Amino acid sequence: MPFFGKSQKSPAELVKALKEALKALETLKAGGDKKAEKAQEDVSKNLVSIKNMLYGTSDSEPQTDIVVSQLAQELYNSNLLLLLIQNLNQIDFEGKKDVALVFNNVLRRQIGTRSPTVEYICTKPEILFTLMAGYEHQEIALNCGTMLRECARYEALAKIMLYSDEFFNFFQYVEVSTFDIASDAFSTFKELLTRHKILCAEFLETNYDKVFTHYQRLLNSENYVTRRQSLKLLGELLLDRHNFTVMTKYISNPDNLKLMMNMLREKSRNIQFEAFHVFKVFVANPNKPKPILEILLRNQDKLVDFLTRFHTERSEDEQFNDEKAYLIKQIKELKPIQTDGTSQSSQQQ
Amino acid sequence: MFSDYEVRSNFSKSVCLALNKPMGKYVALKRISADKYFDEDFRKICDEITLIKDLQHKNIIKIHAVFVKNFDLCVVYPFFCFGSCKEAIKNFFFTGFPEIISALILKDVLFAIDYLHSRGIIHRGIRASHILLNQSRAVLTGFRDATSLIRNGERIKILHALPLNSAKSINWFAPELLEQNLLGYSEKSDIYSLGITTCELANGIAPFADLPTTLMLTEKIRGNQPSLLDCSTFPSEEIIFQAMDSGIGIGEAWAADNTRQVYSKRKFSDPFHKFAEECMARYPDNRPSANQLLTQHSFFKQTRHTNLEEQLRIILEPVDLHKLSLENIAANKNNSDSENDLIQEIASLQLNQDSEWDF
């Protein structure tokens, strides 16, 4: 089509053409005939034009800010972003990636300190929920993943996702049997739980029981990678000072301690190592609740012995060895709670 | 998922030939012991898988399935009967591929590179060991160091950082990538690597293989290019013997070496030499793009009326590919002497089945 220079179309024309093609694709989807093929081609072609407008190509620069802002405005007014995401599985392979590229670029748009696209999506949260549900469809899961992680960078959008019921679907998504999708879902899950420290801490505190009941399942997953990744993330969450309240709550539960002690003995060395980083928090806690202390005391000698022989080949990892030495010392010095006993006996007297 | 596969024969410690039982097809199954990798390295493996999953091109390796089995990450690839071009050279083409086969392979690889570059991806590891070959086409693999120019919602023009796993590919790198200066490098550095790969395919050995790294770097920065070894670039026997007579220190063994005779007797076409030279131009701006090479270069004229399947058949005709059956492979799997036979058998295997399917 060299006579109809693609870049000559105005943003408004491009958006209109894309929307029409999408609508055609939407109504024709059952058919799979030539008309549907044509609609799909039109969608892809217009997507490429919009992408090139925003990114430029190896030989051309992106369009000026004015054109880009016109384009963004058209995208908001036409509701095209949602439409694209809703029909993502109808779009061809390269087109799906182009949707993600266009979305991610428009999302990052800034006017001064404002992010107009973020504001727009806040008024249309179904965009986010449609993207999250994308993990249920193999052929669009990874495309949705890249868009979701871009969204998660913005606190306002992360908040909508975290506090939605749909968020808890991630506990299933991260464990699906298709490795690449599970792994992508986990990256998004992690981003949502760690990116905005204060938001995340608040979320974890208010939803502690629900989140950690679900989380327990991940730690007990049959899938080695799920187990390993979720254990590592748990360690990161607990050791983040923003999550102090959550950490205190977690290390007061003897079941959690038992789980970590069992994980210290798992076959996988990586899981042993990650479990160590959670286990150390239980031991380092200066105010150990009685049940925790009792478990540690019951296993005092075994733990000292076990830790002395634990990952001895990591001789070059100074921090690990310091921590290990500290834990061994702490456990050796553990003493049964005297105050309880004395107070009880004093009451009897 | 794992129960769908039956391991038939091990190619190496981690890669085996497996039968996908429900489909009745052969695949290459790679088992990665995930627990051996620390987080960062494991992340890199996952990134490579994600990247490949995001590409769809007939000359780029496909991943059929990825799943976790115990502590292993299993990656299922289509099966390529000749292995990598490097292995094919070792097993069949000691002095390099014939020009027509090199041309057909390079054309396939260029299709892949053109696709990657149009998507803003730089491969950064183009070399013969990253090109897989079966009886009908070549595909690009080895995406561990590939990276995208499109990041954070915009397209960047140049990169500066060295690829993370660069040590092994260093001889293939473009001078501007190795120089590590402010000018950085772009997708054109892949074209340079393709130039080095062209020499590797044609000569049977990779350029700079015996050179200390610093010397390799100086050579490249000076703009000295390796060349395709034929009678126009390689001294003939007579010249060598004359040189020996005149007392220049060239050993007899050197001159008598069979491969050197092959080099000095053969003749590559001028467009082939030119193709390699243009790819290895010292400055990236002087190198043609993948698309220009594909559409405009006269080197590929010879490929118009033929294809890899036909050419490989002509060359490998003496081996009766159909005679050997599957059971022989299983019987031979522990017999290292029959390694070459094994490859032949495997080749025969695939001639009888489609190489494509979708899960």
# chains A, B, ... in the order shown; residues from 1 in each chain; ligands from 1
>>> interface_residues(of="chain A", to="chain B", cutoff="6 Å", atoms="only C-alpha atoms", output="VMD selection string")
chain A and resid 55 104 to 105 178 to 179
>>> residues_around(residues="A:Asn220", least_positions_apart="2", cutoff="12 Å", atoms="only C-alpha atoms", output="MDAnalysis selection string")
chainID A and resid 175 213:218 222:231 256 259:260 262:263 266 271
>>> atom_distance(atom1="atom CA of A:Phe320", atom2="atom CA of A:Leu239")
14.7 Å
>>> residues_around(residues="B:Glu310", least_positions_apart="5", cutoff="12 Å", atoms="only C-alpha atoms", output="PyMOL selection string")
chain B and resi 100-101+104+135-137+303+305+315-317
>>> write_last_selection(atoms="all heavy atoms", output="short mmCIF file (atom, residue, chain, number, x, y, z; two decimals), in the first residue's frame")
data_model
loop_
_atom_site.label_atom_id
_atom_site.label_comp_id
_atom_site.auth_asym_id
_atom_site.auth_seq_id
_atom_site.Cartn_x
_atom_site.Cartn_y
_atom_site.Cartn_z
N ILE B 100 25.98 -23.59 -1.72
CA ILE B 100 24.52 -23.52 -1.87
C ILE B 100 23.81 -23.81 -0.56
O ILE B 100 22.81 -23.17 -0.21
CB ILE B 100 24.05 -24.46 -3.02
CG1 ILE B 100 22.53 -24.41 -3.19
CG2 ILE B 100 24.47 -25.90 -2.81
CD1 ILE B 100 22.01 -23.09 -3.69
N ILE B 101 24.37 -24.75 0.20
CA ILE B 101 23.73 -25.06 1.49
C ILE B 101 23.94 -23.90 2.48
O ILE B 101 23.01 -23.50 3.18
CB ILE B 101 24.24 -26.40 2.05
CG1 ILE B 101 23.75 -27.53 1.13
CG2 ILE B 101 23.74 -26.63 3.48
CD1 ILE B 101 24.14 -28.91 1.57
N LEU B 104 21.40 -21.33 1.64
CA LEU B 104 20.04 -21.67 2.07
C LEU B 104 19.89 -21.51 3.59
O LEU B 104 18.87 -21.03 4.08
CB LEU B 104 19.69 -23.09 1.63
CG LEU B 104 19.46 -23.21 0.11
CD1 LEU B 104 19.64 -24.65 -0.35
CD2 LEU B 104 18.08 -22.69 -0.26
N GLN B 135 16.12 -31.63 7.91
CA GLN B 135 16.33 -31.88 6.49
C GLN B 135 15.67 -30.84 5.60
O GLN B 135 15.89 -30.83 4.40
CB GLN B 135 15.90 -33.30 6.12
CG GLN B 135 14.43 -33.51 5.94
CD GLN B 135 13.69 -33.49 7.28
OE1 GLN B 135 14.30 -33.49 8.33
NE2 GLN B 135 12.38 -33.43 7.22
N SER B 136 14.88 -29.92 6.18
CA SER B 136 14.23 -28.97 5.28
C SER B 136 14.41 -27.50 5.64
O SER B 136 14.10 -26.63 4.86
CB SER B 136 12.73 -29.28 5.19
OG SER B 136 12.14 -29.09 6.44
N ARG B 137 14.90 -27.22 6.84
CA ARG B 137 15.09 -25.79 7.14
C ARG B 137 16.03 -25.58 8.32
O ARG B 137 16.36 -26.52 9.05
CB ARG B 137 13.74 -25.12 7.41
CG ARG B 137 13.14 -25.47 8.72
CD ARG B 137 11.65 -25.13 8.74
NE ARG B 137 11.04 -26.01 9.71
CZ ARG B 137 10.59 -25.60 10.90
NH1 ARG B 137 10.66 -24.33 11.23
NH2 ARG B 137 10.09 -26.46 11.75
N THR B 303 19.58 -19.44 -4.69
CA THR B 303 18.65 -20.23 -3.89
C THR B 303 17.23 -20.23 -4.47
O THR B 303 16.34 -20.85 -3.92
CB THR B 303 18.55 -19.67 -2.46
OG1 THR B 303 17.99 -18.35 -2.52
CG2 THR B 303 19.91 -19.60 -1.79
N HIS B 305 15.72 -21.47 -7.13
CA HIS B 305 15.03 -22.63 -7.70
C HIS B 305 15.38 -23.92 -6.97
O HIS B 305 15.30 -25.00 -7.54
CB HIS B 305 15.34 -22.74 -9.19
CG HIS B 305 14.93 -21.51 -9.93
ND1 HIS B 305 13.61 -21.14 -10.07
CD2 HIS B 305 15.67 -20.53 -10.51
CE1 HIS B 305 13.56 -19.99 -10.73
NE2 HIS B 305 14.79 -19.59 -10.99
N ILE B 315 23.61 -34.23 -1.24
CA ILE B 315 24.88 -34.39 -0.55
C ILE B 315 24.91 -35.69 0.25
O ILE B 315 25.90 -36.40 0.27
CB ILE B 315 25.12 -33.21 0.42
CG1 ILE B 315 25.16 -31.90 -0.35
CG2 ILE B 315 26.38 -33.41 1.23
CD1 ILE B 315 26.42 -31.66 -1.09
N LEU B 316 23.81 -35.96 0.94
CA LEU B 316 23.82 -37.09 1.86
C LEU B 316 23.26 -38.36 1.25
O LEU B 316 22.98 -39.32 1.92
CB LEU B 316 23.05 -36.72 3.14
CG LEU B 316 23.61 -35.52 3.90
CD1 LEU B 316 22.69 -35.14 5.04
CD2 LEU B 316 25.02 -35.78 4.42
N GLU B 317 23.14 -38.36 -0.08
CA GLU B 317 22.54 -39.48 -0.81
C GLU B 317 23.15 -40.84 -0.45
O GLU B 317 22.41 -41.80 -0.22
CB GLU B 317 22.68 -39.24 -2.32
CG GLU B 317 21.91 -40.21 -3.19
CD GLU B 317 20.42 -40.02 -3.05
OE1 GLU B 317 19.96 -38.87 -3.22
OE2 GLU B 317 19.74 -41.00 -2.74
#
>>> atom_distance(atom1="atom CA of A:Ala21", atom2="atom CA of A:Gln40")
7.2 Å
>>> residues_around(residues="A:Val211", least_positions_apart="5", cutoff="12 Å", atoms="only C-alpha atoms", output="MDAnalysis selection string")
chainID A and resid 162:163 165 167:171 193 200 203:206 216:218 234 246 250
>>> select_by_dssp(residues="stretch 94-333 of chain A", states="alpha helix (DSSP H)", output="number ranges by chain")
A: 94-107, 116-123, 126-133, 138-152, 155-162, 170-173, 179-194, 197-206, 208-219, 224-239, 244-250, 254-264, 269-284, 290-298, 300-308, 318-333
>>> residues_around(residues="A:Asp301", least_positions_apart="4", cutoff="9 Å", atoms="only C-alpha atoms", output="mmCIF file with N, CA, C and O atoms, in the first residue's frame")
data_model
loop_
_atom_site.group_PDB
_atom_site.id
_atom_site.type_symbol
_atom_site.label_atom_id
_atom_site.label_comp_id
_atom_site.auth_asym_id
_atom_site.auth_seq_id
_atom_site.Cartn_x
_atom_site.Cartn_y
_atom_site.Cartn_z
ATOM 1 N N LEU A 297 12.405 -25.168 72.025
ATOM 2 C CA LEU A 297 13.060 -25.826 73.153
ATOM 3 C C LEU A 297 13.049 -27.342 72.996
ATOM 4 O O LEU A 297 14.048 -28.008 73.245
ATOM 5 N N ASP A 305 22.426 -28.935 66.230
ATOM 6 C CA ASP A 305 23.157 -29.913 65.438
ATOM 7 C C ASP A 305 22.873 -29.719 63.946
ATOM 8 O O ASP A 305 23.788 -29.696 63.114
ATOM 9 N N PHE A 306 21.600 -29.558 63.635
ATOM 10 C CA PHE A 306 21.190 -29.405 62.240
ATOM 11 C C PHE A 306 21.801 -28.149 61.618
ATOM 12 O O PHE A 306 22.362 -28.189 60.526
ATOM 13 N N ILE A 331 19.707 -20.230 69.876
ATOM 14 C CA ILE A 331 18.995 -21.472 70.226
ATOM 15 C C ILE A 331 19.666 -22.160 71.419
ATOM 16 O O ILE A 331 19.004 -22.648 72.320
ATOM 17 N N LYS A 332 20.996 -22.119 71.433
ATOM 18 C CA LYS A 332 21.729 -22.709 72.562
ATOM 19 C C LYS A 332 21.340 -22.044 73.872
ATOM 20 O O LYS A 332 21.247 -22.687 74.914
#
>>> atom_distance(atom1="atom CA of B:Leu140", atom2="atom CA of B:Asn291")
16.4 Å
>>> residues_around(residues="A:Val283", least_positions_apart="3", cutoff="10 Å", atoms="only C-alpha atoms", output="count of residues only")
17
>>> closest_residue(among="A:Gly134, A:Gly56, A:Gly112, A:Gly145", to="A:Phe189", atoms="only C-alpha atoms")
A:Gly145
>>> decode(residues="stretch 68-85 of chain A", atoms="N, CA, C and O atoms", output="PDB file, in the first residue's frame")
ATOM      1  N   VAL A  68       0.503  12.489  19.481  1.00  0.00           N
ATOM      2  CA  VAL A  68       0.349  11.435  20.470  1.00  0.00           C
ATOM      3  C   VAL A  68      -0.789  11.760  21.433  1.00  0.00           C
ATOM      4  O   VAL A  68      -1.587  10.894  21.791  1.00  0.00           O
ATOM      5  N   SER A  69      -0.883  13.029  21.827  1.00  0.00           N
ATOM      6  CA  SER A  69      -1.942  13.356  22.782  1.00  0.00           C
ATOM      7  C   SER A  69      -3.316  13.306  22.117  1.00  0.00           C
ATOM      8  O   SER A  69      -4.301  12.909  22.732  1.00  0.00           O
ATOM      9  N   GLN A  70      -3.362  13.659  20.830  1.00  0.00           N
ATOM     10  CA  GLN A  70      -4.620  13.479  20.088  1.00  0.00           C
ATOM     11  C   GLN A  70      -5.022  12.013  20.073  1.00  0.00           C
ATOM     12  O   GLN A  70      -6.177  11.655  20.311  1.00  0.00           O
ATOM     13  N   LEU A  71      -4.024  11.192  19.812  1.00  0.00           N
ATOM     14  CA  LEU A  71      -4.271   9.759  19.738  1.00  0.00           C
ATOM     15  C   LEU A  71      -4.806   9.247  21.073  1.00  0.00           C
ATOM     16  O   LEU A  71      -5.797   8.505  21.124  1.00  0.00           O
ATOM     17  N   ALA A  72      -4.143   9.645  22.159  1.00  0.00           N
ATOM     18  CA  ALA A  72      -4.564   9.190  23.483  1.00  0.00           C
ATOM     19  C   ALA A  72      -6.003   9.613  23.750  1.00  0.00           C
ATOM     20  O   ALA A  72      -6.834   8.827  24.201  1.00  0.00           O
ATOM     21  N   GLN A  73      -6.299  10.881  23.411  1.00  0.00           N
ATOM     22  CA  GLN A  73      -7.643  11.396  23.629  1.00  0.00           C
ATOM     23  C   GLN A  73      -8.678  10.574  22.872  1.00  0.00           C
ATOM     24  O   GLN A  73      -9.724  10.221  23.408  1.00  0.00           O
ATOM     25  N   GLU A  74      -8.347  10.248  21.634  1.00  0.00           N
ATOM     26  CA  GLU A  74      -9.249   9.433  20.826  1.00  0.00           C
ATOM     27  C   GLU A  74      -9.450   8.053  21.450  1.00  0.00           C
ATOM     28  O   GLU A  74     -10.553   7.499  21.429  1.00  0.00           O
ATOM     29  N   LEU A  75      -8.344   7.513  21.988  1.00  0.00           N
ATOM     30  CA  LEU A  75      -8.437   6.178  22.595  1.00  0.00           C
ATOM     31  C   LEU A  75      -9.374   6.198  23.799  1.00  0.00           C
ATOM     32  O   LEU A  75     -10.176   5.291  23.992  1.00  0.00           O
ATOM     33  N   TYR A  76      -9.275   7.265  24.616  1.00  0.00           N
ATOM     34  CA  TYR A  76     -10.163   7.352  25.778  1.00  0.00           C
ATOM     35  C   TYR A  76     -11.621   7.499  25.317  1.00  0.00           C
ATOM     36  O   TYR A  76     -12.507   6.779  25.781  1.00  0.00           O
ATOM     37  N   ASN A  77     -11.836   8.454  24.402  1.00  0.00           N
ATOM     38  CA  ASN A  77     -13.202   8.754  23.998  1.00  0.00           C
ATOM     39  C   ASN A  77     -13.913   7.572  23.336  1.00  0.00           C
ATOM     40  O   ASN A  77     -15.106   7.388  23.481  1.00  0.00           O
ATOM     41  N   SER A  78     -13.115   6.785  22.602  1.00  0.00           N
ATOM     42  CA  SER A  78     -13.736   5.690  21.863  1.00  0.00           C
ATOM     43  C   SER A  78     -13.858   4.430  22.708  1.00  0.00           C
ATOM     44  O   SER A  78     -14.434   3.439  22.259  1.00  0.00           O
ATOM     45  N   ASN A  79     -13.278   4.472  23.921  1.00  0.00           N
ATOM     46  CA  ASN A  79     -13.317   3.287  24.784  1.00  0.00           C
ATOM     47  C   ASN A  79     -12.573   2.111  24.146  1.00  0.00           C
ATOM     48  O   ASN A  79     -12.872   0.943  24.410  1.00  0.00           O
ATOM     49  N   LEU A  80     -11.620   2.451  23.302  1.00  0.00           N
ATOM     50  CA  LEU A  80     -10.978   1.423  22.488  1.00  0.00           C
ATOM     51  C   LEU A  80     -10.078   0.486  23.303  1.00  0.00           C
ATOM     52  O   LEU A  80      -9.962  -0.698  22.987  1.00  0.00           O
ATOM     53  N   LEU A  81      -9.459   1.027  24.367  1.00  0.00           N
ATOM     54  CA  LEU A  81      -8.543   0.178  25.147  1.00  0.00           C
ATOM     55  C   LEU A  81      -9.279  -1.048  25.676  1.00  0.00           C
ATOM     56  O   LEU A  81      -8.811  -2.180  25.553  1.00  0.00           O
ATOM     57  N   LEU A  82     -10.456  -0.819  26.254  1.00  0.00           N
ATOM     58  CA  LEU A  82     -11.239  -1.936  26.788  1.00  0.00           C
ATOM     59  C   LEU A  82     -11.651  -2.896  25.669  1.00  0.00           C
ATOM     60  O   LEU A  82     -11.541  -4.113  25.796  1.00  0.00           O
ATOM     61  N   LEU A  83     -12.082  -2.300  24.568  1.00  0.00           N
ATOM     62  CA  LEU A  83     -12.531  -3.105  23.438  1.00  0.00           C
ATOM     63  C   LEU A  83     -11.404  -4.004  22.918  1.00  0.00           C
ATOM     64  O   LEU A  83     -11.614  -5.179  22.600  1.00  0.00           O
ATOM     65  N   LEU A  84     -10.202  -3.434  22.860  1.00  0.00           N
ATOM     66  CA  LEU A  84      -9.049  -4.204  22.392  1.00  0.00           C
ATOM     67  C   LEU A  84      -8.783  -5.375  23.317  1.00  0.00           C
ATOM     68  O   LEU A  84      -8.504  -6.498  22.883  1.00  0.00           O
ATOM     69  N   ILE A  85      -8.854  -5.098  24.633  1.00  0.00           N
ATOM     70  CA  ILE A  85      -8.525  -6.145  25.596  1.00  0.00           C
ATOM     71  C   ILE A  85      -9.611  -7.218  25.623  1.00  0.00           C
ATOM     72  O   ILE A  85      -9.329  -8.414  25.719  1.00  0.00           O
TER      73      ILE A  85
END
